>>> print(open('work.cif').read())   # mmCIF, C-alpha atoms
data_work
loop_
_atom_site.label_atom_id
_atom_site.label_comp_id
_atom_site.auth_asym_id
_atom_site.auth_seq_id
_atom_site.Cartn_x
_atom_site.Cartn_y
_atom_site.Cartn_z
CA MET G 1 111.02 77.47 140.85
CA LYS G 2 114.17 77.75 138.75
CA PRO G 3 112.57 76.50 135.50
CA LEU G 4 109.77 79.06 135.93
CA LEU G 5 112.28 81.84 136.48
CA THR G 6 114.25 80.71 133.43
CA LEU G 7 111.05 80.64 131.39
CA LEU G 8 110.18 84.17 132.53
CA VAL G 9 113.64 85.47 131.63
CA ILE G 10 113.49 83.77 128.24
CA THR G 11 110.01 85.16 127.64
CA LEU G 12 111.38 88.65 128.27
CA THR G 13 113.43 88.27 125.09
CA VAL G 14 110.42 89.04 122.92
CA PRO G 15 109.21 92.25 124.66
CA ILE G 16 112.84 93.39 124.92
CA GLN G 17 113.10 93.02 121.17
CA THR G 18 109.80 94.74 120.46
CA HIS G 19 109.97 97.50 123.07
CA ILE G 20 113.53 98.27 124.13
CA ILE G 21 115.43 97.92 120.87
CA SER G 22 112.79 99.97 119.10
CA LEU G 23 113.62 102.87 121.44
CA PHE G 24 117.04 103.21 119.82
CA PRO G 25 117.41 106.25 117.54
CA HIS G 26 118.10 103.93 114.60
CA PRO G 27 116.37 100.57 115.17
CA VAL G 28 118.61 97.64 114.33
CA PRO G 29 117.40 94.39 112.78
CA LEU G 30 118.66 92.32 115.71
CA ASP G 31 117.07 88.89 116.21
CA LEU G 32 117.43 88.25 119.96
CA VAL G 33 115.20 85.19 119.70
CA LEU G 34 117.62 83.57 117.27
CA ILE G 35 120.57 84.33 119.57
CA VAL G 36 118.85 82.87 122.64
CA THR G 37 117.68 79.81 120.69
CA TYR G 38 121.18 79.29 119.30
CA TYR G 39 122.63 79.56 122.80
CA TYR G 40 120.23 77.03 124.27
CA GLY G 41 120.60 74.65 121.35
CA TYR G 42 124.37 74.79 121.31
CA PHE G 43 125.01 74.58 125.04
CA HIS G 44 122.01 72.64 126.34
CA GLY G 45 121.24 70.10 123.66
CA LYS G 46 118.54 69.27 121.15
CA SER G 47 115.53 69.05 123.46
CA LYS G 48 116.03 72.42 125.11
CA GLY G 49 117.10 74.02 121.83
CA MET G 50 113.96 72.84 120.06
CA ALA G 51 111.67 73.65 123.01
CA ILE G 52 113.04 77.18 123.46
CA GLY G 53 113.02 77.75 119.70
CA ALA G 54 109.43 76.58 119.32
CA TYR G 55 108.24 78.57 122.36
CA LEU G 56 109.92 81.85 121.43
CA GLY G 57 109.06 81.30 117.78
CA ILE G 58 105.32 80.94 118.35
CA LEU G 59 105.44 83.89 120.77
CA THR G 60 107.10 86.01 118.09
CA ASP G 61 104.56 84.84 115.54
CA ILE G 62 101.69 85.84 117.78
CA LEU G 63 103.13 89.21 118.69
CA SER G 64 104.77 90.43 115.53
CA GLY G 65 102.06 90.00 112.93
CA GLU G 66 104.34 87.86 110.83
CA LEU G 67 103.17 84.78 108.99
CA PRO G 68 101.95 82.56 111.88
CA GLY G 69 104.13 79.51 112.24
CA SER G 70 107.08 80.86 110.26
CA GLN G 71 109.16 81.89 113.26
CA MET G 72 108.18 78.72 115.11
CA PHE G 73 109.41 76.70 112.12
CA LEU G 74 112.65 78.65 111.77
CA LYS G 75 113.58 78.86 115.43
CA THR G 76 112.80 75.18 116.16
CA LEU G 77 115.03 74.22 113.27
CA ALA G 78 117.71 76.64 114.48
CA GLY G 79 117.58 75.17 118.00
CA TYR G 80 117.98 71.64 116.65
CA LEU G 81 120.80 72.52 114.26
CA ALA G 82 122.62 74.56 116.92
CA ALA G 83 122.49 71.49 119.16
CA VAL G 84 123.92 69.37 116.37
CA CYS G 85 126.78 71.87 116.03
CA GLY G 86 127.26 71.79 119.78
CA LEU G 87 127.63 68.01 119.93
CA GLY G 88 131.36 68.17 119.52
CA VAL G 89 131.44 68.74 115.80
CA LEU G 90 132.96 72.15 116.33
CA SER G 91 135.07 73.72 119.05
CA ARG G 92 133.72 76.27 121.50
CA ASP G 93 135.99 79.17 120.56
CA LEU G 94 134.34 82.55 120.11
CA PRO G 95 135.27 82.93 116.41
CA VAL G 96 133.43 79.67 115.76
CA HIS G 97 130.32 81.07 117.44
CA PHE G 98 130.67 84.24 115.39
CA LEU G 99 130.85 82.27 112.15
CA LEU G 100 128.00 79.97 113.19
CA LEU G 101 125.81 82.96 114.05
CA VAL G 102 126.61 84.48 110.64
CA LEU G 103 125.58 81.19 109.02
CA PHE G 104 122.44 80.80 111.15
CA SER G 105 121.35 84.40 110.56
CA PHE G 106 121.85 84.14 106.82
CA THR G 107 120.01 80.82 106.60
CA ASN G 108 117.25 82.09 108.91
CA GLY G 109 116.80 85.19 106.74
CA LEU G 110 116.71 83.29 103.47
CA LEU G 111 114.31 80.65 104.79
CA ASN G 112 112.07 83.36 106.27
CA LEU G 113 111.99 85.15 102.91
CA PHE G 114 111.21 81.86 101.18
CA LEU G 115 108.36 81.01 103.58
CA VAL G 116 106.82 84.49 103.45
CA ASN G 117 106.87 84.51 99.66
CA LEU G 118 105.69 80.88 99.49
CA PHE G 119 102.60 81.63 101.58
CA GLY G 120 101.31 84.70 99.78
CA GLY G 121 103.86 87.45 100.42
CA SER G 122 105.78 89.27 97.71
CA ILE G 123 108.96 90.66 99.23
CA PRO G 124 111.61 91.40 96.58
CA VAL G 125 114.79 89.39 97.20
CA GLY G 126 117.04 92.42 96.67
CA ASP G 127 115.21 94.52 99.24
CA ALA G 128 115.17 91.66 101.74
CA LEU G 129 118.90 91.09 101.38
CA SER G 130 119.91 94.73 101.65
CA VAL G 131 117.45 95.90 104.31
CA MET G 132 116.99 92.85 106.52
CA ILE G 133 119.25 89.89 105.95
CA PHE G 134 122.73 91.42 105.64
CA PRO G 135 122.29 93.98 108.48
CA SER G 136 120.80 91.29 110.71
CA ILE G 137 123.76 88.98 110.02
CA PHE G 138 126.13 91.66 111.31
CA TRP G 139 124.09 92.54 114.40
CA ASN G 140 123.22 88.95 115.31
CA ALA G 141 126.80 87.78 114.98
CA VAL G 142 128.30 90.65 116.99
CA VAL G 143 125.67 90.81 119.73
CA GLY G 144 125.32 87.01 119.85
CA THR G 145 129.06 86.51 120.30
CA ILE G 146 129.20 89.12 123.06
CA PHE G 147 126.16 87.48 124.69
CA ILE G 148 127.84 84.06 124.65
CA LEU G 149 131.08 85.56 125.93
CA LEU G 150 129.26 87.14 128.88
CA VAL G 151 127.06 84.18 129.70
CA ARG G 152 129.68 81.47 129.29
CA ARG G 153 132.65 83.42 130.64
CA GLY G 154 135.05 81.03 132.29
CA SER G 155 133.55 77.94 130.74
CA LEU G 156 134.36 78.52 127.08
CA HIS G 157 137.41 76.31 127.11
CA THR G 158 135.88 73.37 128.93
CA PRO G 159 136.14 70.08 127.07
CA VAL G 160 133.37 69.61 124.59
CA PHE G 161 131.69 66.66 126.27
CA SER G 162 131.95 67.82 129.86
CA ILE G 163 128.67 69.71 129.76
CA ASP G 164 125.49 67.82 130.51
CA LEU G 165 124.16 67.50 127.01
CA ASP G 166 120.82 65.74 126.88
CA VAL G 167 121.82 63.27 124.22
CA ASP G 168 120.42 59.82 124.44
CA MET Q 1 107.91 50.40 118.02
CA GLN Q 2 108.60 51.98 121.38
CA ARG Q 3 112.31 51.40 120.91
CA ILE Q 4 112.23 53.09 117.54
CA PHE Q 5 110.33 56.02 119.02
CA SER Q 6 112.73 56.43 121.94
CA ARG Q 7 115.71 56.17 119.61
CA PHE Q 8 114.46 58.81 117.18
CA ARG Q 9 112.45 60.76 119.75
CA GLN Q 10 114.06 64.15 119.13
CA ILE Q 11 114.00 63.99 115.36
CA ILE Q 12 110.33 62.89 115.49
CA ILE Q 13 109.49 65.82 117.79
CA LEU Q 14 111.37 68.17 115.44
CA PHE Q 15 109.36 67.01 112.45
CA VAL Q 16 106.09 67.20 114.39
CA ILE Q 17 106.80 70.85 115.34
CA LEU Q 18 107.88 71.73 111.80
CA PHE Q 19 104.78 70.06 110.39
CA PHE Q 20 102.57 71.93 112.87
CA SER Q 21 104.23 75.21 111.86
CA LEU Q 22 103.59 74.50 108.19
CA ILE Q 23 99.93 73.78 108.96
CA LEU Q 24 99.70 77.12 110.78
CA MET Q 25 101.22 78.94 107.82
CA GLN Q 26 98.94 77.16 105.37
CA SER Q 27 95.96 77.96 107.61
CA GLN Q 28 96.90 81.64 107.61
CA ALA Q 29 97.38 81.64 103.84
CA GLU Q 30 93.95 80.08 103.28
CA THR Q 31 91.76 81.63 105.95
CA GLY Q 32 93.68 84.68 107.13
CA LYS Q 33 92.89 83.74 110.73
CA GLY Q 34 96.09 81.96 111.79
CA VAL Q 35 96.76 82.22 115.49
CA GLN Q 36 94.50 85.18 116.19
CA ASN Q 37 92.64 83.33 118.90
CA LEU Q 38 95.83 82.85 120.87
CA ALA Q 39 96.96 86.38 120.34
CA GLY Q 40 94.72 88.24 122.81
CA ALA Q 41 95.84 86.73 126.10
CA THR Q 42 99.50 86.38 125.19
CA PHE Q 43 99.61 89.86 123.74
CA GLU Q 44 98.14 91.38 126.91
CA VAL Q 45 100.81 89.79 129.12
CA THR Q 46 103.84 90.51 126.94
CA ALA Q 47 102.71 94.04 126.06
CA TRP Q 48 102.40 94.74 129.79
CA MET Q 49 105.87 93.28 130.39
CA GLY Q 50 107.21 95.37 127.53
CA SER Q 51 105.70 98.56 128.90
CA CYS Q 52 107.25 97.86 132.33
CA LEU Q 53 110.62 97.15 130.73
CA ALA Q 54 110.44 100.34 128.69
CA SER Q 55 109.62 102.36 131.83
CA VAL Q 56 112.47 100.78 133.78
CA SER Q 57 114.99 101.28 130.97
CA SER Q 58 114.01 104.90 130.37
CA GLY Q 59 114.21 105.49 134.16
CA LEU Q 60 117.69 103.98 134.28
CA MET Q 61 118.81 106.05 131.31
CA GLN Q 62 117.51 109.18 132.98
CA PHE Q 63 119.28 108.22 136.20
CA TYR Q 64 122.51 107.71 134.29
CA ARG Q 65 122.24 111.05 132.50
CA GLN Q 66 121.43 113.04 135.62
CA TYR Q 67 123.74 111.55 138.23
CA VAL Q 68 126.60 109.47 136.94
CA HIS Q 69 128.22 112.39 135.13
CA LEU Q 70 128.24 114.44 138.30
CA ILE Q 71 130.16 112.01 140.54
CA ASP Q 72 133.66 113.42 140.16
CA VAL Q 73 133.06 117.18 140.25
CA GLY Q 74 133.64 119.48 143.25
CA GLU Q 75 131.00 120.51 145.73
CA GLU Q 76 130.39 123.95 144.32
CA ASN Q 77 130.46 122.74 140.80
CA ARG Q 78 128.04 120.01 141.78
CA VAL Q 79 125.60 122.47 143.32
CA LEU Q 80 125.80 124.69 140.28
CA LYS Q 81 125.39 121.81 137.92
CA LYS Q 82 122.44 120.53 139.90
CA ARG Q 83 120.86 123.91 139.71
CA GLU Q 84 121.63 124.16 136.03
CA ALA Q 85 120.31 120.65 135.48
CA TYR Q 86 117.17 121.53 137.41
CA LEU Q 87 116.63 124.67 135.36
CA GLU Q 88 117.44 122.84 132.16
CA ASN Q 89 114.97 120.11 133.09
CA ARG Q 90 112.33 122.69 133.88
CA LEU Q 91 113.00 124.42 130.59
CA ASN Q 92 112.92 121.14 128.73
CA ALA Q 93 109.71 120.19 130.52
CA LEU Q 94 108.15 123.50 129.50
CA ARG Q 95 109.36 123.06 125.93
CA GLU Q 96 107.97 119.54 125.92
CA ILE Q 97 104.63 120.80 127.24
CA GLU Q 98 104.60 123.49 124.57
CA ILE Q 99 105.37 120.98 121.82
CA GLU Q 100 102.84 118.51 123.19
CA ASN Q 101 100.25 121.26 123.41
CA GLN Q 102 100.85 122.22 119.79
CA ARG Q 103 100.72 118.59 118.70
CA LEU Q 104 97.51 117.89 120.62
CA ARG Q 105 95.92 121.04 119.19
CA GLU Q 106 96.69 119.80 115.69
CA LEU Q 107 95.30 116.37 116.51
CA LEU Q 108 92.18 117.90 118.01
CA ALA Q 109 91.69 120.08 114.96
CA PHE Q 110 92.08 117.01 112.76
CA GLN Q 111 89.63 115.01 114.87
CA GLU Q 112 87.04 117.77 114.59
CA SER Q 113 87.58 118.28 110.86
CA VAL Q 114 86.78 114.74 109.73
CA PRO Q 115 83.37 113.05 109.76
CA TYR Q 116 84.45 109.85 111.50
CA ASP Q 117 84.13 108.75 115.09
CA MET Q 118 87.76 108.55 116.06
CA ALA Q 119 89.51 107.57 119.28
CA PRO Q 120 92.91 109.13 120.02
CA VAL Q 121 95.37 106.54 121.34
CA GLY Q 122 99.00 106.57 122.41
CA VAL Q 123 101.78 104.53 120.84
CA VAL Q 124 103.60 102.40 123.45
CA GLY Q 125 105.71 100.15 121.27
CA LYS Q 126 107.06 99.68 117.78
CA ASP Q 127 108.34 96.57 116.08
CA PHE Q 128 110.49 97.58 113.15
CA ASN Q 129 113.17 94.98 113.79
CA SER Q 130 111.61 91.80 112.54
CA TRP Q 131 110.10 91.25 109.15
CA SER Q 132 106.87 92.91 110.12
CA ARG Q 133 106.14 96.57 110.70
CA THR Q 134 103.74 96.99 113.61
CA LEU Q 135 102.85 99.37 116.43
CA ILE Q 136 101.41 98.70 119.85
CA ILE Q 137 98.81 101.17 121.09
CA ASN Q 138 97.64 101.69 124.64
CA GLN Q 139 93.94 100.93 124.19
CA GLY Q 140 92.21 97.67 123.46
CA SER Q 141 88.85 95.97 123.44
CA ARG Q 142 87.84 97.67 126.72
CA SER Q 143 87.92 100.98 124.84
CA GLY Q 144 85.94 99.61 121.92
CA ILE Q 145 88.91 98.92 119.66
CA GLU Q 146 88.23 96.03 117.29
CA ARG Q 147 90.29 94.02 114.85
CA GLY Q 148 90.29 95.52 111.36
CA MET Q 149 89.68 99.14 112.36
CA ALA Q 150 91.61 101.75 110.39
CA VAL Q 151 94.33 103.77 112.12
CA VAL Q 152 95.16 107.25 110.85
CA ARG Q 153 97.03 110.46 111.57
CA PRO Q 154 96.42 113.96 110.26
CA GLU Q 155 99.04 113.32 107.56
CA GLY Q 156 97.39 110.14 106.30
CA VAL Q 157 96.81 106.42 106.74
CA VAL Q 158 98.86 104.58 109.37
CA GLY Q 159 97.48 101.03 109.11
CA ARG Q 160 94.84 98.77 110.56
CA VAL Q 161 94.30 97.01 113.88
CA LEU Q 162 95.71 93.49 113.64
CA SER Q 163 94.98 92.05 117.06
CA VAL Q 164 93.37 93.27 120.25
CA SER Q 165 93.69 92.49 123.92
CA PRO Q 166 91.66 94.15 126.69
CA SER Q 167 94.17 96.98 127.21
CA TYR Q 168 96.36 96.99 124.13
CA ALA Q 169 96.11 96.57 120.38
CA GLN Q 170 98.58 95.82 117.64
CA VAL Q 171 98.52 97.88 114.45
CA LEU Q 172 99.76 96.55 111.13
CA LEU Q 173 101.36 99.50 109.30
CA VAL Q 174 100.77 100.18 105.62
CA ILE Q 175 104.50 99.63 105.00
CA ASP Q 176 104.20 96.00 106.14
CA SER Q 177 104.32 93.53 103.28
CA ASN Q 178 101.08 91.92 104.51
CA SER Q 179 99.19 95.22 104.29
CA ASP Q 180 96.88 95.88 101.32
CA VAL Q 181 95.17 99.26 100.93
CA PRO Q 182 92.72 99.67 98.02
CA SER Q 183 93.65 103.08 96.59
CA ILE Q 184 93.18 105.49 93.72
CA PHE Q 185 95.37 108.16 92.21
CA GLN Q 186 93.68 111.47 92.96
CA ARG Q 187 94.55 113.15 89.64
CA THR Q 188 93.59 110.38 87.22
CA ARG Q 189 91.36 108.14 89.43
CA ALA Q 190 93.37 105.08 88.37
CA GLU Q 191 92.91 102.23 90.84
CA GLY Q 192 95.44 99.94 92.44
CA ILE Q 193 96.33 98.14 95.64
CA VAL Q 194 98.99 99.72 97.84
CA GLU Q 195 101.13 97.05 99.44
CA GLY Q 196 103.99 97.52 101.87
CA LYS Q 197 107.55 96.73 100.92
CA ILE Q 198 110.19 95.73 103.36
CA THR Q 199 111.71 99.18 102.93
CA SER Q 200 110.04 102.35 104.20
CA GLN Q 201 108.13 102.71 100.93
CA CYS Q 202 105.11 101.03 99.39
CA GLN Q 203 104.34 99.67 95.97
CA VAL Q 204 101.13 99.91 93.96
CA LYS Q 205 100.03 96.58 92.58
CA TYR Q 206 97.63 95.77 89.77
CA LEU Q 207 97.89 99.24 88.23
CA ASN Q 208 97.03 99.16 84.53
CA ARG Q 209 100.11 99.96 82.46
CA LEU Q 210 98.04 102.41 80.37
CA ALA Q 211 97.09 104.48 83.43
CA ASP Q 212 98.52 107.99 83.54
CA VAL Q 213 100.73 108.22 86.63
CA GLN Q 214 103.41 110.80 87.31
CA ARG Q 215 105.85 111.54 90.11
CA GLU Q 216 104.33 113.47 93.05
CA ASP Q 217 100.81 112.27 92.20
CA LEU Q 218 98.74 111.92 95.36
CA VAL Q 219 97.45 108.45 96.26
CA ILE Q 220 94.31 108.23 98.41
CA THR Q 221 92.19 105.39 99.75
CA SER Q 222 89.41 104.24 97.46
CA GLY Q 223 87.02 103.13 100.20
CA LEU Q 224 86.77 99.64 98.74
CA GLY Q 225 87.34 96.68 101.03
CA GLY Q 226 85.50 98.18 103.97
CA ILE Q 227 88.47 98.97 106.19
CA TYR Q 228 89.72 102.38 105.13
CA PRO Q 229 87.23 105.19 104.50
CA LYS Q 230 87.45 106.86 101.12
CA GLY Q 231 89.71 109.88 100.62
CA LEU Q 232 92.43 109.34 103.24
CA ILE Q 233 95.91 110.20 102.00
CA VAL Q 234 98.19 107.19 101.58
CA GLY Q 235 101.23 108.85 100.03
CA THR Q 236 102.79 110.38 96.94
CA VAL Q 237 104.29 108.71 93.90
CA HIS Q 238 108.03 108.30 94.22
CA SER Q 239 108.86 106.44 91.03
CA VAL Q 240 107.12 104.95 87.99
CA GLU Q 241 108.55 102.13 85.95
CA LYS Q 242 106.99 100.63 82.84
CA LYS Q 243 108.66 97.49 81.67
CA PRO Q 244 108.43 96.56 77.97
CA TYR Q 245 106.23 93.59 78.90
CA GLY Q 246 103.42 92.78 81.36
CA LEU Q 247 99.94 94.08 82.06
CA PHE Q 248 100.85 96.37 84.94
CA GLN Q 249 103.31 99.14 85.67
CA GLU Q 250 105.47 99.33 88.77
CA VAL Q 251 104.85 102.34 90.95
CA THR Q 252 106.58 103.07 94.23
CA ILE Q 253 105.04 105.55 96.66
CA THR Q 254 106.35 107.36 99.69
CA PRO Q 255 103.87 107.10 102.61
CA ALA Q 256 102.47 110.38 103.89
CA VAL Q 257 103.13 109.39 107.49
CA ASP Q 258 106.57 109.38 109.07
CA PHE Q 259 106.37 106.07 110.93
CA SER Q 260 109.51 106.70 112.97
CA ARG Q 261 107.94 109.67 114.76
CA MET Q 262 104.56 108.71 116.08
CA GLU Q 263 103.39 109.27 119.61
CA GLU Q 264 99.64 109.44 119.05
CA VAL Q 265 97.36 108.01 116.39
CA PHE Q 266 93.61 107.83 115.81
CA VAL Q 267 91.57 104.66 115.50
CA ILE Q 268 88.50 105.07 113.31
CA LYS Q 269 85.63 103.25 114.98
CA ARG Q 270 83.43 101.45 112.51
CA ARG Q 271 80.09 102.23 114.08
CA GLY Q 272 80.85 105.90 114.11
CA LEU Q 273 81.54 106.19 110.39
CA ALA Q 274 79.62 109.04 108.96
CA GLY Q 275 78.77 110.41 105.55
CA GLU Q 276 79.53 108.43 102.46
CA ASP Q 277 81.12 105.51 104.20
CA GLN Q 278 78.20 105.00 106.52
CA ARG Q 279 75.86 104.98 103.57
CA LEU Q 280 78.12 102.47 101.87
CA ARG Q 281 77.94 100.21 104.87
CA LYS Q 282 74.21 100.55 105.47
CA PRO Q 283 72.51 100.83 102.10
CA ASP Q 284 69.06 100.58 103.69
CA ALA Q 285 69.59 103.62 105.90
#
>>> encode(input="work.cif", output="structure tokens")
Amino acid sequence: MKPLLTLLVITLTVPIQTHIISLFPHPVPLDLVLIVTYYYGYFHGKSKGMAIGAYLGILTDILSGELPGSQMFLKTLAGYLAAVCGLGVLSRDLPVHFLLLVLFSFTNGLLNLFLVNLFGGSIPVGDALSVMIFPSIFWNAVVGTIFILLVRRGSLHTPVFSIDLDVD
Amino acid sequence: MQRIFSRFRQIIILFVILFFSLILMQSQAETGKGVQNLAGATFEVTAWMGSCLASVSSGLMQFYRQYVHLIDVGEENRVLKKREAYLENRLNALREIEIENQRLRELLAFQESVPYDMAPVGVVGKDFNSWSRTLIINQGSRSGIERGMAVVRPEGVVGRVLSVSPSYAQVLLVIDSNSDVPSIFQRTRAEGIVEGKITSQCQVKYLNRLADVQREDLVITSGLGGIYPKGLIVGTVHSVEKKPYGLFQEVTITPAVDFSRMEEVFVIKRRGLAGEDQRLRKPDA
């Protein structure tokens, strides 16, 4: 029952992004899917990070009209790399999460731009940086850090290897 | 072999998923079909969830506005404020009805003034946050909406239907970078393809550098390509740039439609096309 409930809550990420955030007076380029994938990758290991990334990525691809497969590619990779970062390479302090989210958002944006332009799109790099990538870095890092603070409150300073990471 | 697989299981799975994603992207680039077959069912479920979420969130916001601010005031003040709030709400409701009435009258007049069979639909969601620019409308295949149908407003072209589920449809806006609208400049009849940029403007591609184009020139659909009927307004020229080299000039246009303020749009149904476009589609008729 719990996995199904978790799946439902995770699935809500996509409609929240497409319906709720768009109701704001000035829509923000916030990538909730990246934040959730990062969270699962970092705190729950490679398998869950990749699975959540692939699932939310393909869902975003289907629903957003973007290049099919691009978000699946990016979010699976993000889930895996977040898990690698979570395997004790880095501490669990909030500033580290902030910096990692900045790095993940920037890389995600650049790779997305590269994939879209590689497969037939023609988005100018300057426009992509100023309109999408830089604003999304700010929003993802701020909202993602607050999200992690709220979700992991009380467990941020636990030793790195005390959480049940699914490493082999 | 099994030991190798179990040792590198996660990295193998990662590469399999990445490879599958690349195949999907390549498939979309070659055929333009991509994951359309999956879209219908998934889209129906998540669009429904999104509509419910939007209703709940707007209800909560309304609750917050109406009640939370009144908690700490005195009894008399509370009664007066309630009364004032009630009257204000009534007044706002009347204003909203008046504005809606005016808007619907304009839409009705537009619907009657054009020779196409159009279905008015409501906008229930917008996705301006990711790299795409799409809308979700509240009618789908049950109402006769099909993939590829043009979506318009009285001001001009909005986009085309990208995917359809029984009750909802997703509209790709003309400002999306995947959108191509065959167009002509009304004054000089020069032809080009209007393509979305990631900003709120569009660019005209493949426009001959010798073509006479000036600021404020009107750009309309050319009718080529079979999606958009001829003569619909796309936008006006915002800037023209001719580089000292190259075959084409760079023209940026401002769309006629304000995409941030859309509550209703029209879907042009293919079978109902009249006049020139119908003749174009059925040369034997």
>>> closest_residue(input="work.cif", among="G:Gly126, G:Gly57, G:Gly109, G:Gly69", to="chain Q", atoms="all atoms listed in the file")
G:Gly69
>>> resolve_selection(input="work.cif", expression="the PyMOL selection byres ((chain Q and resi 15-19) around 8)", output="list in words")
Ala54, Met72, Phe73, Thr76 and Leu77 of chain G; Ile11, Ile12, Ile13, Leu14, Phe20, Ser21, Leu22 and Ile23 of chain Q
>>> atom_distance(input="work.cif", atom1="CA of Val131 in chain G", atom2="CA of Thr60 in chain G")
19.9 Å
>>> closest_residue(input="work.cif", among="Q:Asp180, Q:Glu195, Q:Asp127, Q:Glu216", to="chain G", atoms="only C-alpha atoms")
Q:Asp127
>>> residues_near_point(input="work.cif", point="(87.0, 104.8, 115.6)", cutoff="12 Å", atoms="all atoms listed in the file", output="number ranges by chain")
Q: 111, 114-121, 139-141, 143-152, 160-161, 227-229, 265-274
>>> write_last_selection(input="work.cif", atoms="C-alpha atoms", output="tab-separated table (two decimals), in the coordinates of the input")
chain	number	residue	atom	x	y	z
Q	111	GLN	CA	89.63	115.01	114.87
Q	114	VAL	CA	86.78	114.74	109.73
Q	115	PRO	CA	83.37	113.05	109.76
Q	116	TYR	CA	84.45	109.85	111.50
Q	117	ASP	CA	84.13	108.75	115.09
Q	118	MET	CA	87.76	108.55	116.06
Q	119	ALA	CA	89.51	107.57	119.28
Q	120	PRO	CA	92.91	109.13	120.02
Q	121	VAL	CA	95.37	106.54	121.34
Q	139	GLN	CA	93.94	100.93	124.19
Q	140	GLY	CA	92.21	97.67	123.46
Q	141	SER	CA	88.85	95.97	123.44
Q	143	SER	CA	87.92	100.98	124.84
Q	144	GLY	CA	85.94	99.61	121.92
Q	145	ILE	CA	88.91	98.92	119.66
Q	146	GLU	CA	88.23	96.03	117.29
Q	147	ARG	CA	90.29	94.02	114.85
Q	148	GLY	CA	90.29	95.52	111.36
Q	149	MET	CA	89.68	99.14	112.36
Q	150	ALA	CA	91.61	101.75	110.39
Q	151	VAL	CA	94.33	103.77	112.12
Q	152	VAL	CA	95.16	107.25	110.85
Q	160	ARG	CA	94.84	98.77	110.56
Q	161	VAL	CA	94.30	97.01	113.88
Q	227	ILE	CA	88.47	98.97	106.19
Q	228	TYR	CA	89.72	102.38	105.13
Q	229	PRO	CA	87.23	105.19	104.50
Q	265	VAL	CA	97.36	108.01	116.39
Q	266	PHE	CA	93.61	107.83	115.81
Q	267	VAL	CA	91.57	104.66	115.50
Q	268	ILE	CA	88.50	105.07	113.31
Q	269	LYS	CA	85.63	103.25	114.98
Q	270	ARG	CA	83.43	101.45	112.51
Q	271	ARG	CA	80.09	102.23	114.08
Q	272	GLY	CA	80.85	105.90	114.11
Q	273	LEU	CA	81.54	106.19	110.39
Q	274	ALA	CA	79.62	109.04	108.96
>>> atom_distance(input="work.cif", atom1="CA of Val116 in chain G", atom2="CA of Ile10 in chain G")
25.7 Å
>>> closest_residue(input="work.cif", among="G:Asn140, G:Asn108, G:Thr145, G:Gln71", to="chain Q", atoms="only C-alpha atoms")
G:Gln71
>>> resolve_selection(input="work.cif", expression="the PyMOL selection byres ((chain G and resi 38) around 8)", output="list of chain:residue names")
G:Leu34, G:Ile35, G:Val36, G:Thr37, G:Tyr39, G:Tyr40, G:Gly41, G:Tyr42, G:Gly49, G:Ala78, G:Gly79, G:Ala82, G:Ala83, G:Leu101
>>> residues_around(input="work.cif", residues="range 103-109 of chain Q", least_positions_apart="3", cutoff="10 Å", atoms="all atoms listed in the file", output="count of residues only")
14
>>> resolve_selection(input="work.cif", expression="the PyMOL selection byres ((chain Q and resi 124) around 8)", output="list in words")
Ser51, Gly122, Val123, Gly125, Lys126, Leu135, Ile136, Ile137, Asn138 and Glu263 of chain Q
>>> atom_distance(input="work.cif", atom1="CA of Ile175 in chain Q", atom2="CA of Gln203 in chain Q")
9.0 Å
>>> closest_residue(input="work.cif", among="G:Pro3, G:Phe114, G:Phe104, G:Ser136", to="chain Q", atoms="all atoms listed in the file")
G:Ser136
>>> closest_residue(input="work.cif", among="Q:Thr252, Q:Ser163, Q:Thr188, Q:Gln170", to="Gln201 in chain Q", atoms="only C-alpha atoms")
Q:Thr252
